[in-house]
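See below for start.pdb, which holds PDB, N, CA, C and O atoms.
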```
ATOM      1  N   MET A   1       2.430  60.929   9.767
ATOM      2  CA  MET A   1       2.401  62.238  10.410
ATOM      3  C   MET A   1       0.996  62.807  10.410
ATOM      4  O   MET A   1       0.218  62.543   9.524
ATOM      5  N   SER A   2       0.747  63.627  11.353
ATOM      6  CA  SER A   2      -0.556  64.269  11.481
ATOM      7  C   SER A   2      -0.756  65.294  10.379
ATOM      8  O   SER A   2       0.135  66.064  10.066
ATOM      9  N   LYS A   3      -1.951  65.297   9.830
ATOM     10  CA  LYS A   3      -2.283  66.256   8.778
ATOM     11  C   LYS A   3      -2.454  67.652   9.364
ATOM     12  O   LYS A   3      -2.224  68.644   8.692
ATOM     13  N   GLU A   4      -2.855  67.735  10.643
ATOM     14  CA  GLU A   4      -3.108  69.033  11.253
ATOM     15  C   GLU A   4      -1.852  69.871  11.402
ATOM     16  O   GLU A   4      -1.882  71.073  11.240
ATOM     17  N   ASP A   5      -0.746  69.248  11.762
ATOM     18  CA  ASP A   5       0.465  70.051  11.952
ATOM     19  C   ASP A   5       1.128  70.391  10.627
ATOM     20  O   ASP A   5       2.019  71.225  10.576
ATOM     21  N   GLY A   6       0.696  69.758   9.537
ATOM     22  CA  GLY A   6       1.207  70.084   8.210
ATOM     23  C   GLY A   6       2.634  69.655   7.969
ATOM     24  O   GLY A   6       3.276  70.141   7.054
ATOM     25  N   LYS A   7       3.150  68.744   8.790
ATOM     26  CA  LYS A   7       4.535  68.298   8.650
ATOM     27  C   LYS A   7       4.575  66.828   8.233
ATOM     28  O   LYS A   7       3.821  66.008   8.748
ATOM     29  N   VAL A   8       5.468  66.534   7.311
ATOM     30  CA  VAL A   8       5.660  65.167   6.841
ATOM     31  C   VAL A   8       7.153  64.892   6.840
ATOM     32  O   VAL A   8       7.937  65.703   6.341
ATOM     33  N   THR A   9       7.550  63.764   7.401
ATOM     34  CA  THR A   9       8.951  63.377   7.396
ATOM     35  C   THR A   9       9.192  62.476   6.189
ATOM     36  O   THR A   9       8.476  61.496   5.995
ATOM     37  N   VAL A  10      10.188  62.851   5.380
ATOM     38  CA  VAL A  10      10.522  62.084   4.181
ATOM     39  C   VAL A  10      12.028  61.842   4.161
ATOM     40  O   VAL A  10      12.788  62.526   4.837
ATOM     41  N   GLU A  11      12.414  60.863   3.360
ATOM     42  CA  GLU A  11      13.840  60.603   3.164
ATOM     43  C   GLU A  11      14.161  60.799   1.692
ATOM     44  O   GLU A  11      13.515  60.225   0.818
ATOM     45  N   ILE A  12      15.151  61.639   1.454
ATOM     46  CA  ILE A  12      15.603  61.901   0.093
ATOM     47  C   ILE A  12      17.116  61.753   0.061
ATOM     48  O   ILE A  12      17.830  62.456   0.774
ATOM     49  N   PHE A  13      17.564  60.820  -0.750
ATOM     50  CA  PHE A  13      18.992  60.579  -0.974
ATOM     51  C   PHE A  13      19.744  60.356   0.345
ATOM     52  O   PHE A  13      20.809  60.894   0.581
ATOM     53  N   GLY A  14      19.105  59.553   1.215
ATOM     54  CA  GLY A  14      19.739  59.180   2.472
ATOM     55  C   GLY A  14      19.625  60.195   3.596
ATOM     56  O   GLY A  14      20.156  59.975   4.682
ATOM     57  N   GLU A  15      18.949  61.293   3.356
ATOM     58  CA  GLU A  15      18.773  62.311   4.381
ATOM     59  C   GLU A  15      17.300  62.439   4.743
ATOM     60  O   GLU A  15      16.432  62.388   3.875
ATOM     61  N   THR A  16      17.045  62.629   6.024
ATOM     62  CA  THR A  16      15.676  62.816   6.499
ATOM     63  C   THR A  16      15.353  64.302   6.489
ATOM     64  O   THR A  16      16.154  65.129   6.942
ATOM     65  N   HIS A  17      14.178  64.619   5.961
ATOM     66  CA  HIS A  17      13.728  66.015   5.878
ATOM     67  C   HIS A  17      12.303  66.095   6.411
ATOM     68  O   HIS A  17      11.491  65.217   6.153
ATOM     69  N   VAL A  18      12.020  67.171   7.127
ATOM     70  CA  VAL A  18      10.659  67.435   7.577
ATOM     71  C   VAL A  18      10.109  68.513   6.658
ATOM     72  O   VAL A  18      10.645  69.618   6.580
ATOM     73  N   ILE A  19       9.058  68.152   5.937
ATOM     74  CA  ILE A  19       8.449  69.057   4.966
ATOM     75  C   ILE A  19       7.152  69.588   5.573
ATOM     76  O   ILE A  19       6.309  68.810   6.028
ATOM     77  N   LYS A  20       7.012  70.889   5.584
ATOM     78  CA  LYS A  20       5.799  71.508   6.100
ATOM     79  C   LYS A  20       5.037  72.087   4.924
ATOM     80  O   LYS A  20       5.595  72.823   4.107
ATOM     81  N   GLY A  21       3.760  71.737   4.825
ATOM     82  CA  GLY A  21       2.966  72.251   3.727
ATOM     83  C   GLY A  21       1.500  71.924   3.898
ATOM     84  O   GLY A  21       1.110  71.150   4.775
ATOM     85  N   ALA A  22       0.700  72.526   3.049
ATOM     86  CA  ALA A  22      -0.749  72.350   3.120
ATOM     87  C   ALA A  22      -1.220  71.135   2.324
ATOM     88  O   ALA A  22      -2.381  70.744   2.431
ATOM     89  N   GLU A  23      -0.350  70.553   1.517
ATOM     90  CA  GLU A  23      -0.739  69.410   0.695
ATOM     91  C   GLU A  23      -0.954  68.161   1.550
ATOM     92  O   GLU A  23      -0.448  68.060   2.666
ATOM     93  N   ASP A  24      -1.650  67.200   0.973
ATOM     94  CA  ASP A  24      -1.877  65.919   1.619
ATOM     95  C   ASP A  24      -0.531  65.241   1.895
ATOM     96  O   ASP A  24       0.345  65.222   1.017
ATOM     97  N   PRO A  25      -0.324  64.677   3.094
ATOM     98  CA  PRO A  25       0.942  64.008   3.406
ATOM     99  C   PRO A  25       1.327  62.916   2.403
ATOM    100  O   PRO A  25       2.497  62.757   2.070
ATOM    101  N   GLY A  26       0.347  62.175   1.905
ATOM    102  CA  GLY A  26       0.633  61.140   0.919
ATOM    103  C   GLY A  26       1.190  61.720  -0.365
ATOM    104  O   GLY A  26       2.087  61.140  -0.990
ATOM    105  N   TYR A  27       0.679  62.864  -0.763
ATOM    106  CA  TYR A  27       1.171  63.536  -1.971
ATOM    107  C   TYR A  27       2.610  64.004  -1.758
ATOM    108  O   TYR A  27       3.465  63.823  -2.631
ATOM    109  N   ILE A  28       2.887  64.585  -0.599
ATOM    110  CA  ILE A  28       4.245  65.052  -0.298
ATOM    111  C   ILE A  28       5.207  63.876  -0.299
ATOM    112  O   ILE A  28       6.309  63.950  -0.856
ATOM    113  N   GLN A  29       4.810  62.763   0.303
ATOM    114  CA  GLN A  29       5.653  61.570   0.304
ATOM    115  C   GLN A  29       5.883  61.056  -1.112
ATOM    116  O   GLN A  29       6.985  60.617  -1.450
ATOM    117  N   LYS A  30       4.856  61.116  -1.934
ATOM    118  CA  LYS A  30       4.981  60.644  -3.315
ATOM    119  C   LYS A  30       5.995  61.478  -4.089
ATOM    120  O   LYS A  30       6.866  60.930  -4.768
ATOM    121  N   ILE A  31       5.902  62.806  -4.003
ATOM    122  CA  ILE A  31       6.847  63.626  -4.769
ATOM    123  C   ILE A  31       8.255  63.532  -4.188
ATOM    124  O   ILE A  31       9.231  63.558  -4.936
ATOM    125  N   ALA A  32       8.360  63.373  -2.866
ATOM    126  CA  ALA A  32       9.677  63.174  -2.257
ATOM    127  C   ALA A  32      10.294  61.868  -2.747
ATOM    128  O   ALA A  32      11.498  61.807  -3.038
ATOM    129  N   HIS A  33       9.463  60.833  -2.872
ATOM    130  CA  HIS A  33       9.944  59.542  -3.380
ATOM    131  C   HIS A  33      10.445  59.687  -4.820
ATOM    132  O   HIS A  33      11.480  59.121  -5.188
ATOM    133  N   GLU A  34       9.730  60.455  -5.631
ATOM    134  CA  GLU A  34      10.145  60.656  -7.023
ATOM    135  C   GLU A  34      11.461  61.422  -7.101
ATOM    136  O   GLU A  34      12.333  61.103  -7.917
ATOM    137  N   VAL A  35      11.632  62.430  -6.258
ATOM    138  CA  VAL A  35      12.892  63.183  -6.224
ATOM    139  C   VAL A  35      14.026  62.255  -5.788
ATOM    140  O   VAL A  35      15.110  62.257  -6.388
ATOM    141  N   ASP A  36      13.782  61.450  -4.767
ATOM    142  CA  ASP A  36      14.780  60.495  -4.297
ATOM    143  C   ASP A  36      15.178  59.538  -5.417
ATOM    144  O   ASP A  36      16.365  59.282  -5.641
ATOM    145  N   LYS A  37      14.181  59.038  -6.128
ATOM    146  CA  LYS A  37      14.446  58.102  -7.228
ATOM    147  C   LYS A  37      15.296  58.765  -8.312
ATOM    148  O   LYS A  37      16.260  58.176  -8.800
ATOM    149  N   LYS A  38      14.954  60.003  -8.671
ATOM    150  CA  LYS A  38      15.710  60.714  -9.699
ATOM    151  C   LYS A  38      17.144  60.970  -9.250
ATOM    152  O   LYS A  38      18.082  60.862 -10.039
ATOM    153  N   MET A  39      17.315  61.307  -7.983
ATOM    154  CA  MET A  39      18.670  61.538  -7.479
ATOM    155  C   MET A  39      19.491  60.254  -7.483
ATOM    156  O   MET A  39      20.661  60.258  -7.864
ATOM    157  N   ARG A  40      18.871  59.157  -7.094
ATOM    158  CA  ARG A  40      19.600  57.880  -7.082
ATOM    159  C   ARG A  40      19.967  57.423  -8.494
ATOM    160  O   ARG A  40      21.075  56.928  -8.723
ATOM    161  N   LEU A  41      19.064  57.608  -9.441
ATOM    162  CA  LEU A  41      19.376  57.251 -10.828
ATOM    163  C   LEU A  41      20.500  58.129 -11.381
ATOM    164  O   LEU A  41      21.393  57.642 -12.079
ATOM    165  N   THR A  42      20.459  59.407 -11.059
ATOM    166  CA  THR A  42      21.509  60.326 -11.510
ATOM    167  C   THR A  42      22.840  59.951 -10.871
ATOM    168  O   THR A  42      23.881  59.967 -11.543
ATOM    169  N   ALA A  43      22.829  59.587  -9.603
ATOM    170  CA  ALA A  43      24.060  59.177  -8.912
ATOM    171  C   ALA A  43      24.643  57.919  -9.532
ATOM    172  O   ALA A  43      25.875  57.773  -9.610
ATOM    173  N   GLN A  44      23.776  57.018  -9.995
ATOM    174  CA  GLN A  44      24.265  55.810 -10.660
ATOM    175  C   GLN A  44      24.929  56.155 -11.989
ATOM    176  O   GLN A  44      25.942  55.557 -12.358
ATOM    177  N   ARG A  45      24.344  57.112 -12.712
ATOM    178  CA  ARG A  45      24.897  57.508 -14.012
ATOM    179  C   ARG A  45      26.177  58.312 -13.868
ATOM    180  O   ARG A  45      27.057  58.258 -14.728
ATOM    181  N   PHE A  46      26.271  59.095 -12.793
ATOM    182  CA  PHE A  46      27.422  59.964 -12.564
ATOM    183  C   PHE A  46      27.960  59.756 -11.145
ATOM    184  O   PHE A  46      27.799  60.613 -10.274
ATOM    185  N   PRO A  47      28.622  58.620 -10.902
ATOM    186  CA  PRO A  47      29.024  58.260  -9.539
ATOM    187  C   PRO A  47      30.059  59.191  -8.905
ATOM    188  O   PRO A  47      30.216  59.182  -7.691
ATOM    189  N   ARG A  48      30.730  59.991  -9.681
ATOM    190  CA  ARG A  48      31.757  60.877  -9.115
ATOM    191  C   ARG A  48      31.209  62.224  -8.643
ATOM    192  O   ARG A  48      31.933  63.003  -8.046
ATOM    193  N   LEU A  49      29.944  62.493  -8.921
ATOM    194  CA  LEU A  49      29.359  63.763  -8.507
ATOM    195  C   LEU A  49      29.040  63.766  -7.017
ATOM    196  O   LEU A  49      28.615  62.756  -6.458
ATOM    197  N   ALA A  50      29.214  64.923  -6.401
ATOM    198  CA  ALA A  50      28.830  65.111  -4.997
ATOM    199  C   ALA A  50      27.306  65.249  -4.922
ATOM    200  O   ALA A  50      26.646  65.547  -5.924
ATOM    201  N   ALA A  51      26.772  65.051  -3.728
ATOM    202  CA  ALA A  51      25.322  65.096  -3.534
ATOM    203  C   ALA A  51      24.729  66.417  -4.000
ATOM    204  O   ALA A  51      23.676  66.440  -4.636
ATOM    205  N   HIS A  52      25.396  67.523  -3.698
ATOM    206  CA  HIS A  52      24.838  68.819  -4.113
ATOM    207  C   HIS A  52      24.854  68.972  -5.634
ATOM    208  O   HIS A  52      23.960  69.588  -6.204
ATOM    209  N   GLN A  53      25.830  68.392  -6.308
ATOM    210  CA  GLN A  53      25.880  68.438  -7.768
ATOM    211  C   GLN A  53      24.760  67.587  -8.369
ATOM    212  O   GLN A  53      24.152  67.976  -9.371
ATOM    213  N   ILE A  54      24.491  66.462  -7.744
ATOM    214  CA  ILE A  54      23.386  65.603  -8.191
ATOM    215  C   ILE A  54      22.067  66.341  -8.023
ATOM    216  O   ILE A  54      21.222  66.346  -8.924
ATOM    217  N   ALA A  55      21.894  67.009  -6.882
ATOM    218  CA  ALA A  55      20.664  67.754  -6.622
ATOM    219  C   ALA A  55      20.473  68.863  -7.651
ATOM    220  O   ALA A  55      19.358  69.073  -8.151
ATOM    221  N   ILE A  56      21.552  69.560  -8.000
ATOM    222  CA  ILE A  56      21.463  70.633  -8.991
ATOM    223  C   ILE A  56      21.112  70.066 -10.356
ATOM    224  O   ILE A  56      20.257  70.609 -11.069
ATOM    225  N   LEU A  57      21.734  68.974 -10.742
ATOM    226  CA  LEU A  57      21.442  68.348 -12.031
ATOM    227  C   LEU A  57      19.987  67.880 -12.096
ATOM    228  O   LEU A  57      19.301  68.108 -13.102
ATOM    229  N   VAL A  58      19.499  67.277 -11.024
ATOM    230  CA  VAL A  58      18.101  66.843 -10.980
ATOM    231  C   VAL A  58      17.174  68.054 -11.064
ATOM    232  O   VAL A  58      16.185  68.038 -11.801
ATOM    233  N   ALA A  59      17.490  69.114 -10.325
ATOM    234  CA  ALA A  59      16.660  70.329 -10.363
ATOM    235  C   ALA A  59      16.626  70.924 -11.768
ATOM    236  O   ALA A  59      15.560  71.341 -12.241
ATOM    237  N   LEU A  60      17.760  70.956 -12.442
ATOM    238  CA  LEU A  60      17.803  71.474 -13.813
ATOM    239  C   LEU A  60      16.962  70.616 -14.754
ATOM    240  O   LEU A  60      16.230  71.143 -15.595
ATOM    241  N   ASN A  61      17.056  69.307 -14.608
ATOM    242  CA  ASN A  61      16.257  68.408 -15.450
ATOM    243  C   ASN A  61      14.762  68.568 -15.178
ATOM    244  O   ASN A  61      13.951  68.568 -16.115
ATOM    245  N   LEU A  62      14.391  68.721 -13.908
ATOM    246  CA  LEU A  62      12.982  68.915 -13.576
ATOM    247  C   LEU A  62      12.469  70.243 -14.121
ATOM    248  O   LEU A  62      11.349  70.320 -14.630
ATOM    249  N   GLU A  63      13.282  71.284 -14.030
ATOM    250  CA  GLU A  63      12.868  72.586 -14.568
ATOM    251  C   GLU A  63      12.739  72.522 -16.088
ATOM    252  O   GLU A  63      11.829  73.126 -16.657
ATOM    253  N   ASP A  64      13.631  71.786 -16.734
ATOM    254  CA  ASP A  64      13.540  71.599 -18.179
ATOM    255  C   ASP A  64      12.221  70.912 -18.538
ATOM    256  O   ASP A  64      11.516  71.349 -19.459
ATOM    257  N   ASP A  65      11.890  69.854 -17.803
ATOM    258  CA  ASP A  65      10.614  69.164 -18.033
ATOM    259  C   ASP A  65       9.436  70.114 -17.840
ATOM    260  O   ASP A  65       8.494  70.126 -18.638
ATOM    261  N   LEU A  66       9.483  70.908 -16.778
ATOM    262  CA  LEU A  66       8.409  71.849 -16.485
ATOM    263  C   LEU A  66       8.271  72.897 -17.584
ATOM    264  O   LEU A  66       7.159  73.212 -18.022
ATOM    265  N   GLU A  67       9.377  73.418 -18.055
ATOM    266  CA  GLU A  67       9.342  74.430 -19.118
ATOM    267  C   GLU A  67       8.755  73.850 -20.404
ATOM    268  O   GLU A  67       7.958  74.497 -21.088
ATOM    269  N   LYS A  68       9.121  72.624 -20.729
ATOM    270  CA  LYS A  68       8.563  71.972 -21.914
ATOM    271  C   LYS A  68       7.053  71.776 -21.776
ATOM    272  O   LYS A  68       6.312  71.969 -22.732
ATOM    273  N   LEU A  69       6.610  71.396 -20.571
ATOM    274  CA  LEU A  69       5.171  71.242 -20.339
ATOM    275  C   LEU A  69       4.444  72.580 -20.434
ATOM    276  O   LEU A  69       3.328  72.648 -20.955
ATOM    277  N   ARG A  70       5.071  73.642 -19.951
ATOM    278  CA  ARG A  70       4.460  74.975 -20.060
ATOM    279  C   ARG A  70       4.281  75.377 -21.518
ATOM    280  O   ARG A  70       3.233  75.903 -21.900
ATOM    281  N   LYS A  71       5.311  75.131 -22.313
ATOM    282  CA  LYS A  71       5.220  75.467 -23.740
ATOM    283  C   LYS A  71       4.153  74.628 -24.424
ATOM    284  O   LYS A  71       3.402  75.128 -25.262
ATOM    285  N   GLU A  72       4.082  73.360 -24.078
ATOM    286  CA  GLU A  72       3.069  72.483 -24.649
ATOM    287  C   GLU A  72       1.671  72.956 -24.254
ATOM    288  O   GLU A  72       0.759  72.992 -25.090
ATOM    289  N   GLN A  73       1.497  73.331 -23.004
ATOM    290  CA  GLN A  73       0.205  73.829 -22.543
ATOM    291  C   GLN A  73      -0.164  75.122 -23.274
ATOM    292  O   GLN A  73      -1.305  75.303 -23.690
ATOM    293  N   GLU A  74       0.810  75.999 -23.441
ATOM    294  CA  GLU A  74       0.565  77.261 -24.151
ATOM    295  C   GLU A  74       0.112  76.990 -25.583
ATOM    296  O   GLU A  74      -0.840  77.597 -26.071
ATOM    297  N   THR A  75       0.786  76.060 -26.239
ATOM    298  CA  THR A  75       0.422  75.699 -27.607
ATOM    299  C   THR A  75      -0.994  75.127 -27.663
ATOM    300  O   THR A  75      -1.791  75.498 -28.527
ATOM    301  N   LEU A  76      -1.307  74.250 -26.720
ATOM    302  CA  LEU A  76      -2.650  73.663 -26.685
ATOM    303  C   LEU A  76      -3.716  74.719 -26.407
ATOM    304  O   LEU A  76      -4.790  74.693 -27.019
ATOM    305  N   MET A  77      -3.416  75.649 -25.513
ATOM    306  CA  MET A  77      -4.385  76.711 -25.214
ATOM    307  C   MET A  77      -4.605  77.595 -26.434
ATOM    308  O   MET A  77      -5.733  78.015 -26.705
ATOM    309  N   GLU A  78      -3.537  77.863 -27.188
ATOM    310  CA  GLU A  78      -3.674  78.650 -28.408
ATOM    311  C   GLU A  78      -4.538  77.915 -29.426
ATOM    312  O   GLU A  78      -5.391  78.513 -30.081
ATOM    313  N   LEU A  79      -4.315  76.612 -29.566
ATOM    314  CA  LEU A  79      -5.124  75.815 -30.497
ATOM    315  C   LEU A  79      -6.580  75.808 -30.086
ATOM    316  O   LEU A  79      -7.478  75.926 -30.916
ATOM    317  N   LEU A  80      -6.834  75.662 -28.804
ATOM    318  CA  LEU A  80      -8.210  75.681 -28.321
ATOM    319  C   LEU A  80      -8.841  77.045 -28.528
ATOM    320  O   LEU A  80     -10.011  77.144 -28.894
ATOM    321  N   GLY A  81      -8.066  78.094 -28.341
ATOM    322  CA  GLY A  81      -8.555  79.436 -28.553
ATOM    323  C   GLY A  81      -8.916  79.678 -30.003
ATOM    324  O   GLY A  81      -9.917  80.325 -30.319
ATOM    325  N   GLU A  82      -8.126  79.150 -30.910
ATOM    326  CA  GLU A  82      -8.406  79.296 -32.345
ATOM    327  C   GLU A  82      -9.684  78.552 -32.729
ATOM    328  O   GLU A  82     -10.445  79.014 -33.543
ATOM    329  N   LYS A  83      -9.903  77.391 -32.115
ATOM    330  CA  LYS A  83     -11.073  76.590 -32.460
ATOM    331  C   LYS A  83     -12.362  77.229 -31.971
ATOM    332  O   LYS A  83     -13.402  77.059 -32.565
ATOM    333  N   THR A  84     -12.285  77.959 -30.862
ATOM    334  CA  THR A  84     -13.507  78.535 -30.309
ATOM    335  C   THR A  84     -13.860  79.868 -30.935
ATOM    336  O   THR A  84     -14.936  80.382 -30.740
ATOM    337  N   GLU A  85     -12.979  80.444 -31.714
ATOM    338  CA  GLU A  85     -13.252  81.740 -32.339
ATOM    339  C   GLU A  85     -14.062  81.620 -33.596
ATOM    340  O   GLU A  85     -14.167  80.675 -34.252
TER     341      GLU A  85
END
```
In structure tokens, what does this structure look like?
Amino acid sequence: MSKEDGKVTVEIFGETHVIKGAEDPGYIQKIAHEVDKKMRLTAQRFPRLAAHQIAILVALNLEDDLEKLRKEQETLMELLGEKTE
């Protein structure tokens, strides 16, 4: 896809999506691929879940990961702040 129009076509969990954004198309494709992979792995672990339930579970897991990274970053920033004082 053209970088100028800011649109990238990706496939996630068997569905095609057009993503519009300012990021590099390769980066958008990479994160879409990771989301697709996580959804497929979750579907394998929980085959009875509907697609929307899989998406919610993946979103919750990603937010959990993000929150843990935020706390880790906060702790590291505090440690760095203590060292510079």
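CA of Val8 in chain A is found 10.0 Å from CA of Tyr27 in chain A.
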(request) Return as a PyMOL selection string the full set of residues in range 6-62 of chain A whose backbone-based DSSP assignment is alpha helix (DSSP H). (result) chain A and resi 25-45+51-62
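You will find CA of Leu57 in chain A at 11.6 Å from CA of Val35 in chain A.
When CA of Glu78 in chain A is paired with atom O of Leu62 in chain A, their separation reads 22.0 Å.
The residues returned by the PyMOL selection byres ((chain A and resi 13) around 7) for this structure are Glu11, Ile12, Gly14, Glu15, Thr16, Ala32, Val35, Asp36, Lys37, Met39 and Arg40 of chain A.
The closest residue to Lys20 in chain A, picked from A:Leu79, A:Asp5, A:Asp64, A:Ile54 and counting only C-alpha atoms, is A:Asp5.
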(message) Using only C-alpha atoms - which residues lie no farther than 12 Å from the point (1.6, 67.1, 9.9) in the file's frame? Write them as number ranges by chain.
(response) A: 1-10, 18-26, 28-29
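For chain A, backbone-based DSSP assignment of strand (DSSP E or B) covers Lys7, Val8, Thr9, Val10, Glu11, Ile12, Glu15, Thr16, His17, Val18, Ile19 and Lys20 of chain A.
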